[in-house]
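Take a look at the structure set out below.
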Amino acid sequence: MLPCHQKVKRINERIKPDNFLCSDFDLQSFLKSLATIHEIEEINAAGFLPGVHLGYLMCDTCSDASKALRDVGHMLAVNNSLNVQCNYTDLRPTVKIILGALYSEVSIALARLLNVYMVPLLSSTSSSPELSDKLRYPVFLRTVPSDYHQTKAVAKLMHHYNWNWVGVVYGDDEYGKAAFQSFLEDATANAVCMAYHEMLSHDLNDSHSRERIKHIALQIRSSSAKVVLLILKAELVEALFEEMIRTNTSRIWIASDVWSRSWSLAQMHDINRVGDILGFTFVASKSEKFDRYLQNLTVTPGGYNFFIEEYKNLRFNSCNIKDPHEVAVWAVANALKKLLNCPVNIEILPYALQLLKQLKEVSFTLDNQNFQFDKNGDFVNGYDLIFWEKYEHHRRFRSIGKYHAHYERIDVESFTWFSSDLDNCKKCPNGTWSLKGWDHCEPRWESFMQWSDPHPIALLAASAFGILLLLVMLIIFLVYRDSPPMKRAEVRLSCVIMAGLAVSFASVICFMGRPTVHLCRARQVMYAMGFTLCVSCILVKAYRTFLAFLPFGQITNRHLHKLYRPSVIVTVITSLQGIICLLWLILDSPHIDDTEPPPQTMKHIIQCTEGDRNIGFTIMLSYIALLALIGFLLAFKGRKVPQKFSETGYIIFSMLMYLFVWVCFIPVYITNKEKGSPVQASAILVSSYGIIFCHFLPKCYEALCRPKDDPLERILRRWQVISGPNPDSETCSETYIHNTTSQNSSRTTDQYCLDSEGLVCRDGDARDYSVKKEHS
């Protein structure tokens, strides 16, 4: 009577005695059932009992006491019914002994019922000290020691390693409560103090269980105790370990027998992150016969066994442990053999009471070990100390010692601990690293903008498309260079802007791949020079429009007109940026960031740092931002010049976009250096595309889609009738725009014209400007 499944679904919703709905196939417990069946077949095949073959009936308790009690009624029923009687002296059930159950809580319930029929219950896992009470549980025996001995072993283990400050988490079932009370006494006797003790509900379906697990996990993390004893079922340990892994918490865990050999936990994802695990398990040995039995396991021809089919789907290797359940079968067989050899009539066999008496007195040898029950019906053969050794990404079990229950002595082999409490640590060789709680070193993995990653691919595609777009627009500008839109856009300045933008787009490529010192320097210098060249040309355009709307006196106007030298302005502004970059490279050059990664990460970010103090990087960006701001102010001042004559609106929007993008970039760069490179590359692309959309695409559209008869010329002709030509303006065109404004209750007249190069000029300044052009 063992659980083939771990729980009963919706047990609290049952309102009638219908079937139990079991779930979560329990592979390890099912193996115990198979081990029992295997030994029965071995005994029958060997003819150990003369003239008698053992039979068996297998029931699935589903780890639930109520389900197990119903199964007892089925096992003991005669003619499919178990009538309630006042006297069961003549009861002769087909089942003479029940092997089970797995958990102490279920065994306690079954033993209470079986006391009525005096049918023996022989368990190989239920270790609660309560079951040693023969006044209350006279029919119960077990082939393992009581937890009375296990808690002594745990306390002595803690004393052996000088772990005198520990935490305890136990279940709220009979097994957990009894084992915890027993540990309290043994801990005091071994000078072990408890930092905390927490009780956890055994029902994970309870709505409060998950919150309770989080609370206990917080208690474990906040406590200074590095050793934690878990007296819990395996499913509760799994839920707690999931929370430990999620919060990256590492401790030394001591396992009680109920989960000390849990293969499901050993194969748990990221189990190596929880820390070291060791615990006591019942003495067991390898059984090659059982391993072969499992490998050749088949269903009876013509039959179907659901449990075996589930087992085959989940089966793992290394199932060759000789379990105490096999010892239990041999104990029954030896007791029966002694009964058969007695000079008594075979009719005594139907009486289970006779078998119970004989079991209590049985003594036999198996695999060179002697077995017999003590006065409490327990085997007192001690425990194996198991260490959960790391094996690849999982754990495997390694025996590192024994506890001898008779002598209350623990023997532990020489064993080196790797845990967070070591005072002296070894250095990892050759640049490798080890996280907290690890016992090995691994190379850190490098993180940078890989050519094959989606984000870098998108940035490269945007950069390539920008360069291609510039090439197409350059061709359009050259083909339509004589059209009015291109004249107003100034083809020569526009071509220089395109060259600067192409360099800026190309700088994005230097952000890709594994960074080097040369790439770190090249990407910043390329962007600085390219975009400065672009912005300087835009500033010249804004200055040209500003001259057409000067509010100053005639003398000031002349001086400002003298400064309008496009080639000189562009050369000087760009050269100043070149000097800034040169000083930056000499005094505080960009290089590879050599900052050590945080100690609890295996990721090594390979990235550029823009100098030790970032002064050059700051001055470079501030210089471009200053130029953009000046260009914006000049364009904003000249915004009243009609849009047909100027590009003030385009300049205002493009400079605003640039300033907005880089104002957003700076906080991200300062607060998250890891994302600095991709964010800067994105900022370069956005600001460059902003200039393309604001400056070039509208002009290309006008050149390609507007009629050859420019409507601007028609507008100018109409205004010619109103304002008339200015005979003093020899270099201006014959058309003007007449603009009348009211200021201080007086009327002033401003007239704007296009000069021979398409430049905007005012009527009052046209003569002076044209004369200066002739002399220059």
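Ligands are numbered from 1 in the order shown, residues from 1 within each chain, and chains are lettered A, B, ... in the order they appear in the structure tokens.
The neighbours of Arg396 in chain A here are the residues that come within 9 Å of it, using only C-alpha atoms and leaving out any residue fewer than 4 positions away in the same chain; they are Trp263, Ala266, Gln267, Phe387, Trp388, Glu389, Lys390 and Tyr391 of chain A.
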Find the residues near range 119-136 of chain A: any atom within 6 Å, counting only C-alpha atoms, skip ones fewer than 4 places away on the same chain, and give them as number ranges by chain. A: 97-104, 114, 140-144, 146-148, 175, 324-325, 352, 356, 376
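Distance check against Phe371 in chain A using only C-alpha atoms: of A:Val327, A:Ile254, A:Met602, A:Val154, the minimum falls on A:Val327.
For the pair CA of Val525 in chain A and CA of Lys541 in chain A, the interatomic distance is 24.6 Å.
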Quick one: residues within 12 Å of range 617-622 of chain A, only C-alpha atoms counted, chain neighbours fewer than 4 positions away excluded, as an NGL selection string? :A and (520-521 or 523-529 or 531-532 or 574 or 576-585 or 587-590 or 609-613 or 626-629 or 658-659 or 662-663 or 665-666 or 669-670 or 680 or 684)
Let's see if you can do this: from backbone DSSP, list all alpha helix (DSSP H) residues in range 554-707 of chain A, as a VMD selection string.
chain A and resid 554 to 562 566 to 587 615 to 637 648 to 671 676 to 691 697 to 705
**Request:** Please provide the set of residues having any atom within 12 Å of Val679 in chain A, restricted to only C-alpha atoms, with same-chain residues fewer than 5 positions apart removed, written as an NGL selection string.
**Result:** :A and (449 or 455-456 or 459 or 508 or 511 or 661-662 or 664-670 or 672-674 or 684-686)
Print the selection's residues with C-alpha atoms to a file, as a compact mmCIF listing (two decimals), in the first residue's frame.
# COMPACT_ATOMS: atom_id res chain seq x y z
CA MET A 449 26.59 44.44 -29.76
CA HIS A 455 19.03 45.26 -32.44
CA PRO A 456 22.42 45.76 -34.17
CA LEU A 459 20.70 49.80 -36.55
CA VAL A 508 27.13 53.84 -36.47
CA PHE A 511 29.41 50.66 -32.71
CA VAL A 661 17.05 63.49 -28.84
CA TRP A 662 20.32 64.27 -27.11
CA CYS A 664 16.96 62.24 -23.71
CA PHE A 665 20.21 60.38 -24.43
CA ILE A 666 22.32 61.99 -21.71
CA PRO A 667 20.29 60.74 -18.66
CA VAL A 668 20.19 57.20 -20.08
CA TYR A 669 23.93 57.27 -20.76
CA ILE A 670 24.73 58.47 -17.24
CA ASN A 672 22.87 52.97 -17.49
CA LYS A 673 26.34 52.69 -18.99
CA GLU A 674 25.54 49.17 -20.20
CA ILE A 684 22.79 59.49 -34.11
CA LEU A 685 20.35 57.81 -36.50
CA VAL A 686 17.28 59.71 -35.27
Query - Spatial neighbours of Ala506 in chain A, 8 Å, only C-alpha atoms, chain gap at least 3 places, as number ranges by chain - result: A: 463, 467, 502-503, 509-510, 526
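Atom pair CA of Gly500 in chain A / CA of Cys534 in chain A has a distance of 5.0 Å (rounded to one decimal).
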With distances taken over only C-alpha atoms, the candidate from A:Leu204, A:Leu294, A:Ala217, A:Leu278 nearest Arg246 in chain A is A:Ala217
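Taking CA of Gly176 in chain A and CA of Met199 in chain A as the two end points, the separation is 8.5 Å.
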>> List as a VMD selection string the protein and nucleic acid residues near Ala153 in chain A, meaning an atom at most 12 Å away when only C-alpha atoms are counted, but skip any in the same chain fewer than 6 places from it.
In response: chain A and resid 145 to 147 159 to 160 182 to 183 186 to 187 189 to 190 254 to 257 279 to 282 382 to 385 401 to 412
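In terms of minimum interatomic distance to Leu697 in chain A, A:Tyr650 ranks closest within A:Tyr650, A:Phe660, A:Phe448, A:Phe465, counting only C-alpha atoms.
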